[in-house]
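Structure file target_19.txt (compact mmCIF, C-alpha atoms) is printed below.
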# COMPACT_ATOMS: atom_id res chain seq x y z
CA MET G 264 127.59 81.76 108.43
CA ALA G 265 125.64 83.32 105.55
CA SER G 266 125.78 87.07 104.98
CA VAL G 267 123.93 89.51 102.73
CA ARG G 268 125.09 92.39 100.59
CA TYR G 269 122.83 95.10 99.13
CA MET G 270 123.58 97.14 95.99
CA GLN G 271 121.96 99.44 93.44
CA ARG G 272 122.01 98.45 89.78
CA GLY G 273 121.24 99.92 86.38
CA LYS G 274 120.02 103.32 85.21
CA LYS G 275 116.92 103.10 87.41
CA LYS G 276 119.08 102.51 90.48
CA LEU G 277 117.01 99.49 91.59
CA TRP G 278 118.15 97.62 94.66
CA ALA G 279 119.38 94.02 94.73
CA TYR G 280 120.57 91.59 97.38
CA ASN G 281 123.14 88.83 97.21
CA ILE G 282 123.35 86.24 99.98
CA ARG G 283 126.66 84.37 100.24
CA ASP G 284 127.94 81.56 102.42
CA GLN G 285 131.12 81.67 104.51
CA HIS G 286 133.15 80.67 101.43
CA GLY G 287 131.80 83.51 99.34
CA VAL G 288 129.55 81.25 97.24
CA SER G 289 126.32 82.97 96.19
CA LEU G 290 123.28 81.22 97.69
CA ALA G 291 120.54 83.60 96.53
CA TYR G 292 120.36 86.74 94.42
CA LYS G 293 117.47 88.98 93.38
CA SER G 294 117.21 92.47 91.95
CA GLY G 295 114.46 94.89 90.93
CA PHE G 296 113.49 96.37 94.32
CA SER G 297 112.45 100.04 94.36
CA THR G 298 113.89 100.62 97.81
CA LYS G 299 116.58 99.09 99.95
CA LYS G 300 113.96 98.39 102.61
CA GLN G 301 112.01 96.10 100.23
CA ALA G 302 115.18 94.20 99.37
CA THR G 303 116.12 93.96 103.05
CA ILE G 304 112.72 92.54 104.11
CA GLU G 305 112.91 89.71 101.59
CA ALA G 306 116.61 89.01 102.09
CA GLU G 307 116.24 88.83 105.88
CA LYS G 308 113.46 86.25 105.53
CA LEU G 309 115.72 84.06 103.38
CA LEU G 310 118.67 84.66 105.70
CA SER G 311 116.60 83.53 108.68
CA LYS G 312 115.62 80.35 106.91
CA LEU G 313 119.22 79.66 105.94
CA ARG G 314 120.38 80.07 109.52
CA THR G 315 117.75 77.62 110.78
CA GLY G 316 118.49 75.16 107.99
CA SER G 317 114.94 75.28 106.56
CA VAL G 318 115.80 76.44 103.06
CA LEU G 319 117.65 75.04 100.07
CA ASN G 320 120.96 76.50 98.99
CA SER G 321 123.03 76.44 95.84
CA SER G 322 125.98 74.78 97.59
CA MET G 323 123.89 71.61 97.83
CA THR G 324 124.84 68.63 95.73
CA LEU G 325 122.25 67.40 93.25
CA VAL G 326 121.69 64.33 95.44
CA GLU G 327 121.02 66.53 98.49
CA LEU G 328 118.63 68.74 96.52
CA TYR G 329 116.72 65.71 95.19
CA GLU G 330 116.45 64.23 98.70
CA GLN G 331 115.13 67.55 100.03
CA TRP G 332 112.54 67.55 97.25
CA LEU G 333 111.49 64.05 98.26
CA ASN G 334 111.16 65.12 101.90
CA LEU G 335 109.16 68.24 101.09
CA LYS G 336 107.07 67.25 98.05
CA ILE G 337 106.85 63.47 97.70
CA TYR G 338 106.85 61.78 101.11
CA PRO G 339 104.09 64.03 102.58
CA SER G 340 101.92 63.56 99.46
CA LYS G 341 99.08 61.08 98.95
CA LYS G 342 101.06 59.08 96.41
CA SER G 343 101.09 55.34 97.01
CA GLU G 344 103.93 53.77 99.01
CA THR G 345 105.04 51.93 95.88
CA THR G 346 105.34 55.19 93.95
CA LYS G 347 107.27 56.81 96.79
CA ARG G 348 109.72 53.90 96.86
CA LYS G 349 110.30 54.32 93.12
CA TYR G 350 111.19 57.98 93.62
CA LYS G 351 113.48 57.06 96.51
CA SER G 352 115.22 54.34 94.48
CA ARG G 353 116.49 57.02 92.05
CA VAL G 354 118.63 58.61 94.78
CA ASP G 355 121.34 55.99 94.24
CA THR G 356 121.16 56.51 90.47
CA ILE G 357 121.66 60.28 90.83
CA ARG G 358 124.56 59.70 93.23
CA LYS G 359 126.12 57.27 90.75
CA LEU G 360 125.78 59.69 87.83
CA PHE G 361 126.60 63.02 89.48
CA GLY G 362 128.59 62.14 92.59
CA ASP G 363 129.07 65.15 94.88
CA ARG G 364 128.62 67.76 92.16
CA LYS G 365 126.82 70.88 93.33
CA VAL G 366 123.73 72.00 91.47
CA SER G 367 125.37 75.39 90.84
CA GLU G 368 128.27 73.69 89.04
CA ILE G 369 126.31 71.55 86.57
CA LYS G 370 126.02 73.04 83.10
CA PRO G 371 123.38 72.06 80.50
CA SER G 372 126.11 70.50 78.32
CA ASP G 373 127.40 68.45 81.30
CA TYR G 374 123.90 67.22 82.05
CA GLN G 375 123.25 66.31 78.41
CA LYS G 376 126.48 64.30 78.25
CA ILE G 377 125.67 62.38 81.45
CA MET G 378 122.12 61.58 80.27
CA ASN G 379 123.44 60.46 76.88
CA GLU G 380 125.79 58.00 78.56
CA TYR G 381 123.14 56.69 80.92
CA GLY G 382 120.73 56.31 78.00
CA LYS G 383 122.96 53.53 76.72
CA GLU G 384 122.01 51.44 79.75
CA VAL G 385 118.32 52.19 80.39
CA SER G 386 115.07 52.65 78.49
CA ARG G 387 113.76 55.99 77.26
CA ASN G 388 110.88 55.67 79.72
CA TYR G 389 113.14 55.31 82.77
CA LEU G 390 115.41 58.10 81.56
CA GLY G 391 112.38 60.38 81.23
CA ARG G 392 111.18 59.64 84.77
CA LEU G 393 114.63 60.32 86.20
CA ASN G 394 114.88 63.61 84.31
CA SER G 395 111.40 64.64 85.45
CA GLY G 396 112.29 64.20 89.13
CA ILE G 397 115.53 66.16 88.75
CA ARG G 398 113.71 68.94 86.91
CA LEU G 399 111.04 69.27 89.60
CA SER G 400 113.65 69.43 92.35
CA LEU G 401 115.46 72.20 90.45
CA GLN G 402 112.23 74.13 89.99
CA MET G 403 111.67 73.98 93.73
CA ALA G 404 115.15 75.42 94.28
CA ILE G 405 114.50 78.21 91.79
CA ALA G 406 111.19 78.99 93.53
CA ASP G 407 113.25 79.42 96.71
CA LYS G 408 115.15 82.17 94.82
CA LEU G 409 118.40 80.26 94.53
CA LEU G 410 120.88 81.44 91.93
CA VAL G 411 120.88 78.14 90.03
CA GLU G 412 120.24 77.26 86.42
CA ASP G 413 117.63 74.74 85.31
CA PHE G 414 120.05 72.66 83.28
CA THR G 415 117.25 70.23 82.34
CA THR G 416 115.33 72.79 80.25
CA TYR G 417 116.73 71.93 76.83
CA VAL G 418 117.93 68.39 77.40
CA GLU G 419 117.22 65.78 74.72
CA LEU G 420 116.74 62.23 75.96
CA TYR G 421 118.18 59.37 73.91
CA SER G 422 118.21 55.66 74.68
CA ASN G 423 119.88 52.75 72.91
CA LYS G 424 117.74 50.28 74.83
CA GLU G 425 114.57 49.65 72.86
CA GLY G 426 111.25 49.21 74.60
CA GLN G 427 109.29 46.02 74.27
CA ASN G 428 107.99 45.43 70.76
CA VAL G 429 104.20 45.53 70.47
CA GLU G 430 104.29 42.08 68.91
CA ASP G 431 105.87 40.70 72.11
CA LYS G 432 103.08 41.90 74.40
CA TYR G 433 100.42 39.31 73.60
CA LEU G 434 99.92 35.77 72.31
CA HIS G 435 99.38 35.76 68.55
CA SER G 436 97.25 32.66 68.21
CA GLU G 437 93.91 31.52 69.57
CA GLU G 438 95.32 28.00 69.40
CA ASP G 439 98.03 28.95 71.92
CA TYR G 440 95.45 30.66 74.12
CA VAL G 441 93.31 27.52 74.22
CA LYS G 442 96.36 25.29 74.76
CA ILE G 443 97.32 27.26 77.88
CA LEU G 444 93.80 27.10 79.32
CA ASN G 445 93.69 23.33 78.78
CA TYR G 446 97.06 22.90 80.48
CA LEU G 447 95.99 24.98 83.48
CA ARG G 448 92.77 22.97 83.89
CA GLU G 449 94.74 19.75 83.95
CA ASN G 450 97.12 21.10 86.60
CA PHE G 451 94.74 22.45 89.24
CA ASP G 452 96.12 21.09 92.52
CA TYR G 453 95.39 23.34 95.49
CA ARG G 454 97.54 21.19 97.78
CA LYS G 455 100.63 22.31 95.86
CA THR G 456 99.88 25.81 94.59
CA ILE G 457 97.22 28.41 93.82
CA ILE G 458 99.03 29.75 90.74
CA PRO G 459 97.23 27.68 88.02
CA TYR G 460 93.92 29.03 89.36
CA ILE G 461 95.28 32.58 89.29
CA LEU G 462 96.56 32.29 85.73
CA PHE G 463 93.35 30.64 84.53
CA VAL G 464 91.16 33.46 85.85
CA LEU G 465 93.57 36.09 84.51
CA PHE G 466 93.35 34.53 81.05
CA LYS G 467 89.53 34.37 81.33
CA THR G 468 88.92 37.94 82.61
CA GLY G 469 91.79 40.18 81.49
CA MET G 470 92.04 41.66 84.98
CA ARG G 471 95.12 43.44 86.26
CA TYR G 472 97.10 41.26 88.65
CA GLY G 473 96.56 43.59 91.60
CA GLU G 474 92.81 43.64 90.92
CA LEU G 475 92.61 39.86 90.81
CA ILE G 476 94.59 39.29 94.01
CA ALA G 477 92.42 41.87 95.81
CA LEU G 478 89.22 39.89 95.17
CA THR G 479 87.31 38.60 98.17
CA TRP G 480 84.57 36.00 97.93
CA SER G 481 82.00 38.74 98.55
CA ASP G 482 83.18 40.38 95.29
CA VAL G 483 82.32 37.26 93.28
CA ASN G 484 78.67 36.63 92.39
CA LEU G 485 78.72 32.99 91.29
CA GLU G 486 74.95 32.91 90.75
CA GLU G 487 74.91 35.76 88.23
CA GLY G 488 78.39 35.15 86.84
CA LEU G 489 79.86 38.55 87.72
CA ILE G 490 83.05 39.75 89.39
CA PHE G 491 83.12 43.19 91.00
CA THR G 492 86.55 44.83 91.16
CA HIS G 493 86.92 48.06 93.10
CA ARG G 494 90.50 48.09 94.47
CA ARG G 495 93.90 46.47 94.13
CA PHE G 496 96.15 44.48 96.44
CA ASN G 497 99.79 45.53 96.52
CA THR G 498 101.95 42.45 97.09
CA SER G 499 105.01 44.59 97.88
CA ILE G 500 103.44 45.97 101.05
CA TYR G 501 100.60 43.40 101.34
CA LYS G 502 97.89 46.01 101.65
CA PHE G 503 94.76 46.96 99.75
CA VAL G 504 95.23 50.11 97.65
CA PRO G 505 92.79 52.22 95.58
CA PRO G 506 91.88 51.28 91.98
CA LYS G 507 94.03 52.60 89.16
CA ASN G 508 91.33 55.04 88.04
CA LYS G 509 87.55 55.55 88.13
CA THR G 510 86.88 53.25 85.16
CA SER G 511 88.78 50.47 86.94
CA VAL G 512 85.77 50.04 89.25
CA ARG G 513 83.60 47.69 87.20
CA TYR G 514 81.70 44.43 86.82
CA ILE G 515 83.30 41.66 84.75
CA PRO G 516 81.24 38.82 83.27
CA ILE G 517 82.62 35.31 83.70
CA SER G 518 81.81 32.11 81.80
CA GLU G 519 80.08 29.03 83.19
CA GLU G 520 83.39 27.23 83.14
CA THR G 521 85.07 29.97 85.20
CA ILE G 522 82.17 29.86 87.66
CA GLU G 523 82.67 26.12 88.14
CA VAL G 524 86.43 26.57 88.61
CA LEU G 525 85.84 29.22 91.30
CA LYS G 526 83.20 27.09 93.05
CA SER G 527 85.64 24.19 93.15
CA LEU G 528 88.41 26.46 94.44
CA LYS G 529 86.21 27.83 97.23
CA LYS G 530 85.20 24.37 98.36
CA ILE G 531 88.71 22.93 98.46
CA GLN G 532 90.07 26.11 100.08
CA GLU G 533 87.57 25.80 102.94
CA VAL G 534 88.46 22.13 103.44
CA PHE G 535 92.20 22.81 103.70
CA ASN G 536 91.70 25.79 106.01
CA ARG G 537 89.67 23.60 108.39
CA GLU G 538 92.21 20.79 108.29
CA LEU G 539 95.11 23.16 108.94
CA ASP G 540 93.17 25.29 111.42
CA LEU G 541 93.74 28.43 109.33
CA GLU G 542 91.52 31.47 109.01
CA ASN G 543 91.17 33.39 105.76
CA SER G 544 90.57 36.61 107.72
CA ARG G 545 90.48 38.82 104.63
CA ASP G 546 88.23 36.36 102.77
CA LEU G 547 90.63 36.45 99.80
CA VAL G 548 89.65 34.37 96.77
CA PHE G 549 93.25 33.38 96.02
CA TYR G 550 94.30 32.74 99.61
CA HIS G 551 96.79 29.89 99.98
CA TYR G 552 98.55 28.53 103.04
CA GLY G 553 101.79 27.97 101.12
CA TYR G 554 102.77 31.64 100.99
CA ARG G 555 104.12 33.73 103.84
CA ASN G 556 101.46 36.40 103.35
CA TYR G 557 98.93 33.90 101.94
CA VAL G 558 99.02 35.26 98.36
CA PRO G 559 101.90 35.03 95.84
CA ASN G 560 103.55 38.21 94.60
CA ILE G 561 103.53 39.17 90.93
CA GLY G 562 107.15 38.10 90.42
CA THR G 563 106.37 34.56 91.54
CA VAL G 564 103.39 34.33 89.18
CA ASN G 565 105.34 35.77 86.23
CA LYS G 566 108.10 33.23 86.81
CA ALA G 567 105.56 30.39 86.83
CA LEU G 568 104.01 31.76 83.63
CA HIS G 569 107.40 31.78 81.90
CA VAL G 570 107.99 28.16 82.93
CA LEU G 571 104.56 27.23 81.54
CA LEU G 572 105.17 29.01 78.20
CA THR G 573 108.59 27.38 77.85
CA LYS G 574 107.13 23.93 78.56
CA LEU G 575 104.38 24.41 75.97
CA ASN G 576 106.84 25.96 73.47
CA ILE G 577 104.72 29.11 73.18
CA SER G 578 106.09 32.54 72.36
CA PRO G 579 106.44 35.41 72.99
CA MET G 580 107.40 35.22 76.67
CA ILE G 581 104.60 37.40 78.08
CA SER G 582 103.96 38.59 81.64
CA THR G 583 100.67 38.87 83.54
CA LYS G 584 100.23 42.20 81.75
CA GLY G 585 100.60 40.30 78.49
CA VAL G 586 97.81 37.96 79.65
CA ARG G 587 95.58 41.04 79.86
CA HIS G 588 96.60 42.11 76.35
CA THR G 589 95.92 38.59 75.08
CA TYR G 590 92.40 38.54 76.53
CA GLY G 591 91.63 41.94 74.99
CA SER G 592 92.88 40.63 71.63
CA TYR G 593 90.81 37.48 72.01
CA LEU G 594 87.59 39.44 72.61
CA TRP G 595 88.41 41.67 69.62
CA HIS G 596 89.04 38.55 67.55
CA LYS G 597 85.62 37.16 68.57
CA GLY G 598 83.88 40.30 67.34
CA ILE G 599 82.95 41.78 70.73
CA ASP G 600 82.01 45.47 70.53
CA LEU G 601 84.90 47.81 71.34
CA GLY G 602 82.83 49.75 73.86
CA VAL G 603 82.02 46.53 75.72
CA ILE G 604 85.67 45.43 75.72
CA ALA G 605 86.66 48.83 77.12
CA LYS G 606 84.19 48.44 80.00
CA ILE G 607 85.29 44.88 80.76
CA LEU G 608 88.98 45.80 80.85
CA GLY G 609 88.47 49.12 82.63
CA HIS G 610 89.89 51.36 79.90
CA LYS G 611 89.03 55.05 79.86
CA ASP G 612 88.13 55.22 76.17
CA ILE G 613 88.06 53.28 72.90
CA SER G 614 91.06 55.09 71.39
CA MET G 615 93.29 53.61 74.09
CA LEU G 616 91.72 50.23 73.43
CA VAL G 617 92.50 50.34 69.70
CA LYS G 618 96.08 51.35 70.42
CA VAL G 619 96.66 48.48 72.85
CA TYR G 620 94.50 45.70 71.38
CA GLY G 621 94.02 46.78 67.78
CA HIS G 622 96.12 43.94 66.43
CA THR G 623 94.60 40.77 65.02
CA LEU G 624 95.16 37.14 65.95
CA GLU G 625 96.61 34.91 63.22
CA GLU G 626 93.41 32.90 62.75
CA ARG G 627 91.42 36.06 62.00
CA ILE G 628 94.01 37.22 59.44
CA ILE G 629 93.81 33.89 57.63
CA GLU G 630 89.99 34.09 57.54
CA GLU G 631 90.08 37.63 56.17
CA PHE G 632 92.62 36.62 53.47
CA LYS G 633 90.29 33.81 52.37
CA GLN G 634 87.40 36.24 52.08
CA ILE G 635 89.52 38.65 50.00
CA ARG G 636 90.52 35.82 47.65
CA SER G 637 86.89 34.75 47.20
CA ILE G 638 85.89 38.34 46.37
CA SER G 639 88.62 38.53 43.74

Translate this file's structure into structure tokens.
Amino acid sequence: MASVRYMQRGKKKLWAYNIRDQHGVSLAYKSGFSTKKQATIEAEKLLSKLRTGSVLNSSMTLVELYEQWLNLKIYPSKKSETTKRKYKSRVDTIRKLFGDRKVSEIKPSDYQKIMNEYGKEVSRNYLGRLNSGIRLSLQMAIADKLLVEDFTTYVELYSNKEGQNVEDKYLHSEEDYVKILNYLRENFDYRKTIIPYILFVLFKTGMRYGELIALTWSDVNLEEGLIFTHRRFNTSIYKFVPPKNKTSVRYIPISEETIEVLKSLKKIQEVFNRELDLENSRDLVFYHYGYRNYVPNIGTVNKALHVLLTKLNISPMISTKGVRHTYGSYLWHKGIDLGVIAKILGHKDISMLVKVYGHTLEERIIEEFKQIRSIS
């Protein structure tokens, strides 16, 4: 059972309280009260919460503190279910790294050493996200007036695992881009799979995978050659979710060839649904009877893309995100205005666009070199 002790400190004789558990471990301490009554009022509130189990305490392990933070700050929030699962997945990591160590026993040097070791296994980005969650849980404990130190304050994050090189995020040649499109055209076979259609439209629009899978036939204007994207489809939970940001809601122009591919897909999709007595209740463009939830998840599509790239002997081994980067590069290569590319891809501003797509395809470099030689 927790108990409280009151004392006067310093030349000004200000009052302080110290709440301890049954083992004598300090759970909360605060000084600076003008009167004992002021200290008593605040201490009794904390003591009441401790007795009912509705407050954090410094005898908690770091894992317990993090889980309490999840329960109080993350799970009730409006964050997506995918984001919440990511936060929850770090519980096992914290348990692995810190075991049953109490937050009051972890020193800044201990924390630095543990993060240094873990940085040998994971990327700087993951390490930063883990540290951010731990820091926020500690700040919540400190706000509850616990006598704990924020050992994350001066931590430096190091990682031996390098992030993906920029050069590995997109296809470098227009020739490779065209080769892939030709291969996909030749392998459209709705009876077997929807994936070649998915990859073809990704390569021809630069859409995010979740945006593409969320498309319904009412979002596609085949007469005017426009796609309207206003949400995403999460294939982890198989639900529609909001767009990434405001600029993600946009119209995307599509070529005559893409229009014809989509018309053909719609026709054959309707035929198969009738024959199999299936109903595309959500009116999804990339609905296919071969998948449990009628659309493939991103992992399945990325695997198929890797098989395709290997077969065509094309590198680097990009993902669906790399397809988006490739399309942005292709438009840049063709001289499309940066502002227009930003609108098509749903970027917030041009500076982000230059950072992500400001590289040049090999064919363009060769052309520019020829022009420089002719000038000389």

Checklist entry - Taking all atoms listed in the file into account, which of G:His493, G:Ser592, G:Leu475, G:Lys455 comes nearest G:Val548? => result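 Ranking G:His493, G:Ser592, G:Leu475, G:Lys455 by distance to G:Val548, first place goes to G:Leu475.
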
Checklist entry - If you measure from atom CA of G:Leu310 to atom CA of G:Asn281, what distance in Å do you get, rounded to one decimal? => result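 Distance between the two atoms: 10.5 Å.
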
Item to check | Which of G:Ile517, G:Ala605, G:Ile377, G:Ile337 sits closest to G:Phe466 [using only C-alpha atoms] | outcome: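 Closest to G:Phe466, using only C-alpha atoms: G:Ile517.
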
Checklist outcome for this item: Of G:Tyr440, G:Gly391, G:Ile369, G:Leu434, the one sitting nearest G:Ser422 when using all atoms listed in the file is G:Gly391

Using all atoms listed in the file, tabulate the residues of stretch 409-527 of chain G lying at most 8 Å from any atom of stretch 555-573 of chain G, each with its closest atom pair and that distance in Å to one decimal, by chain and increasing residue number, as a tab-separated table.
residue	atom	partner	partner_atom	distance
G:Ile458	CA	G:Val564	CA	6.5
G:Leu462	CA	G:Leu568	CA	7.8
G:Tyr472	CA	G:Ile561	CA	7.1
G:Ile476	CA	G:Val558	CA	7.4
G:Thr498	CA	G:Asn560	CA	5.2
G:Ser499	CA	G:Asn560	CA	7.3
G:Tyr501	CA	G:Asn556	CA	7.3

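For the choices G:Lys370, G:Lys529, G:Lys376, G:Arg513, the atom-to-atom distance to G:Ile607 is smallest for G:Arg513 when using all atoms listed in the file.
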
Item to check | Distance of atom CA of G:Tyr292 from atom CA of G:Glu368, expressed in Å to one decimal place | outcome: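 So the two atoms, atom CA of G:Glu368 and atom CA of G:Tyr292, lie 16.2 Å apart.
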
Item to check | Length of the atom CA of G:Tyr552 to atom CA of G:Ile515 vector [Å] | outcome: 27.2 Å

Checklist entry - Near stretch 445-451 of chain G, counting all atoms listed in the file, which residues have an atom at most 8 Å away, once you skip same-chain residues fewer than 4 positions from it, shown as a PyMOL selection string? => result chain G and resi 441+457+459-460+462-463

Within 8 Å of G:Val385, counting only C-alpha atoms, which residues show up once you throw out same-chain ones fewer than 2 positions away? Write them as a PDB file with C-alpha atoms, in the coordinates of the input, please.
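Below is the file selection30.pdb, written as the result:
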ATOM      1  CA  TYR G 381     123.140  56.690  80.920  1.00  0.00           C
ATOM      2  CA  GLY G 382     120.730  56.310  78.000  1.00  0.00           C
ATOM      3  CA  LYS G 383     122.960  53.530  76.720  1.00  0.00           C
ATOM      4  CA  ARG G 387     113.760  55.990  77.260  1.00  0.00           C
ATOM      5  CA  TYR G 389     113.140  55.310  82.770  1.00  0.00           C
ATOM      6  CA  LEU G 390     115.410  58.100  81.560  1.00  0.00           C
ATOM      7  CA  SER G 422     118.210  55.660  74.680  1.00  0.00           C
ATOM      8  CA  ASN G 423     119.880  52.750  72.910  1.00  0.00           C
ATOM      9  CA  LYS G 424     117.740  50.280  74.830  1.00  0.00           C
TER      10      LYS G 424
END

Enclose all atoms of stretch 540-559 of chain G listed in the file in an axis-aligned box, grow every side by 6 Å, and hand back centre and edge lengths in Å to one decimal, as JSON.
{"center_x": 96.2, "center_y": 32.1, "center_z": 103.6, "size_x": 27.9, "size_y": 25.5, "size_z": 27.6}

Keeping C-alpha atoms, write stretch 479-551 of chain G of the structure just shown out as a PDB file, in the first residue's frame.
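Output contents, as saved in out-v1.pdb:
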ATOM      1  CA  THR G 479     -14.436   1.723 -58.127  1.00  0.00           C
ATOM      2  CA  TRP G 480     -15.795   1.883 -61.655  1.00  0.00           C
ATOM      3  CA  SER G 481     -17.670   5.065 -60.737  1.00  0.00           C
ATOM      4  CA  ASP G 482     -14.254   6.696 -60.074  1.00  0.00           C
ATOM      5  CA  VAL G 483     -13.118   6.020 -63.638  1.00  0.00           C
ATOM      6  CA  ASN G 484     -14.382   8.303 -66.416  1.00  0.00           C
ATOM      7  CA  LEU G 485     -13.524   6.339 -69.551  1.00  0.00           C
ATOM      8  CA  GLU G 486     -15.140   8.917 -71.844  1.00  0.00           C
ATOM      9  CA  GLU G 487     -12.989  11.824 -70.647  1.00  0.00           C
ATOM     10  CA  GLY G 488      -9.929   9.755 -69.750  1.00  0.00           C
ATOM     11  CA  LEU G 489      -9.789  10.676 -66.060  1.00  0.00           C
ATOM     12  CA  ILE G 490      -9.410   8.749 -62.814  1.00  0.00           C
ATOM     13  CA  PHE G 491     -10.641  10.305 -59.573  1.00  0.00           C
ATOM     14  CA  THR G 492      -8.858   9.113 -56.432  1.00  0.00           C
ATOM     15  CA  HIS G 493     -10.211  10.208 -53.066  1.00  0.00           C
ATOM     16  CA  ARG G 494      -9.392   7.383 -50.616  1.00  0.00           C
ATOM     17  CA  ARG G 495      -7.277   4.282 -50.138  1.00  0.00           C
ATOM     18  CA  PHE G 496      -8.014   0.608 -49.570  1.00  0.00           C
ATOM     19  CA  ASN G 497      -6.063  -1.069 -46.783  1.00  0.00           C
ATOM     20  CA  THR G 498      -5.425  -4.698 -47.747  1.00  0.00           C
ATOM     21  CA  SER G 499      -4.358  -5.572 -44.182  1.00  0.00           C
ATOM     22  CA  ILE G 500      -7.842  -4.946 -42.808  1.00  0.00           C
ATOM     23  CA  TYR G 501      -9.693  -4.919 -46.168  1.00  0.00           C
ATOM     24  CA  LYS G 502     -11.384  -1.606 -45.540  1.00  0.00           C
ATOM     25  CA  PHE G 503     -11.493   1.790 -47.210  1.00  0.00           C
ATOM     26  CA  VAL G 504      -9.408   4.389 -45.352  1.00  0.00           C
ATOM     27  CA  PRO G 505      -8.974   8.166 -45.844  1.00  0.00           C
ATOM     28  CA  PRO G 506      -6.492   9.587 -48.382  1.00  0.00           C
ATOM     29  CA  LYS G 507      -2.916  10.207 -47.278  1.00  0.00           C
ATOM     30  CA  ASN G 508      -3.414  13.982 -47.292  1.00  0.00           C
ATOM     31  CA  LYS G 509      -5.549  16.707 -48.908  1.00  0.00           C
ATOM     32  CA  THR G 510      -3.487  16.827 -52.111  1.00  0.00           C
ATOM     33  CA  SER G 511      -3.988  13.075 -52.531  1.00  0.00           C
ATOM     34  CA  VAL G 512      -7.579  13.787 -53.620  1.00  0.00           C
ATOM     35  CA  ARG G 513      -7.106  14.474 -57.328  1.00  0.00           C
ATOM     36  CA  TYR G 514      -7.902  13.704 -60.956  1.00  0.00           C
ATOM     37  CA  ILE G 515      -5.354  11.704 -62.960  1.00  0.00           C
ATOM     38  CA  PRO G 516      -5.314  11.769 -66.774  1.00  0.00           C
ATOM     39  CA  ILE G 517      -4.988   8.419 -68.524  1.00  0.00           C
ATOM     40  CA  SER G 518      -3.906   7.613 -72.084  1.00  0.00           C
ATOM     41  CA  GLU G 519      -6.092   6.146 -74.831  1.00  0.00           C
ATOM     42  CA  GLU G 520      -4.265   2.870 -74.436  1.00  0.00           C
ATOM     43  CA  THR G 521      -5.008   2.756 -70.689  1.00  0.00           C
ATOM     44  CA  ILE G 522      -8.657   3.549 -71.418  1.00  0.00           C
ATOM     45  CA  GLU G 523      -8.866   0.589 -73.793  1.00  0.00           C
ATOM     46  CA  VAL G 524      -7.185  -1.716 -71.257  1.00  0.00           C
ATOM     47  CA  LEU G 525      -9.698  -0.692 -68.575  1.00  0.00           C
ATOM     48  CA  LYS G 526     -12.656  -1.096 -70.952  1.00  0.00           C
ATOM     49  CA  SER G 527     -11.470  -4.595 -71.792  1.00  0.00           C
ATOM     50  CA  LEU G 528     -10.981  -5.405 -68.108  1.00  0.00           C
ATOM     51  CA  LYS G 529     -14.485  -4.225 -67.216  1.00  0.00           C
ATOM     52  CA  LYS G 530     -16.059  -6.299 -69.951  1.00  0.00           C
ATOM     53  CA  ILE G 531     -14.251  -9.533 -69.122  1.00  0.00           C
ATOM     54  CA  GLN G 532     -14.784  -8.978 -65.382  1.00  0.00           C
ATOM     55  CA  GLU G 533     -18.557  -8.730 -65.893  1.00  0.00           C
ATOM     56  CA  VAL G 534     -18.561 -11.901 -68.009  1.00  0.00           C
ATOM     57  CA  PHE G 535     -16.718 -13.951 -65.386  1.00  0.00           C
ATOM     58  CA  ASN G 536     -18.862 -12.617 -62.544  1.00  0.00           C
ATOM     59  CA  ARG G 537     -22.011 -13.714 -64.404  1.00  0.00           C
ATOM     60  CA  GLU G 538     -20.594 -17.132 -65.202  1.00  0.00           C
ATOM     61  CA  LEU G 539     -19.488 -17.706 -61.607  1.00  0.00           C
ATOM     62  CA  ASP G 540     -22.588 -16.069 -60.112  1.00  0.00           C
ATOM     63  CA  LEU G 541     -20.461 -13.538 -58.207  1.00  0.00           C
ATOM     64  CA  GLU G 542     -21.342 -10.002 -57.227  1.00  0.00           C
ATOM     65  CA  ASN G 543     -18.772  -7.213 -57.168  1.00  0.00           C
ATOM     66  CA  SER G 544     -20.673  -5.516 -54.323  1.00  0.00           C
ATOM     67  CA  ARG G 545     -18.094  -2.766 -53.849  1.00  0.00           C
ATOM     68  CA  ASP G 546     -17.827  -2.182 -57.617  1.00  0.00           C
ATOM     69  CA  LEU G 547     -14.025  -2.465 -57.361  1.00  0.00           C
ATOM     70  CA  VAL G 548     -12.072  -1.971 -60.588  1.00  0.00           C
ATOM     71  CA  PHE G 549      -9.491  -4.619 -59.679  1.00  0.00           C
ATOM     72  CA  TYR G 550     -11.936  -7.160 -58.262  1.00  0.00           C
ATOM     73  CA  HIS G 551     -10.937 -10.765 -58.949  1.00  0.00           C
TER      74      HIS G 551
END
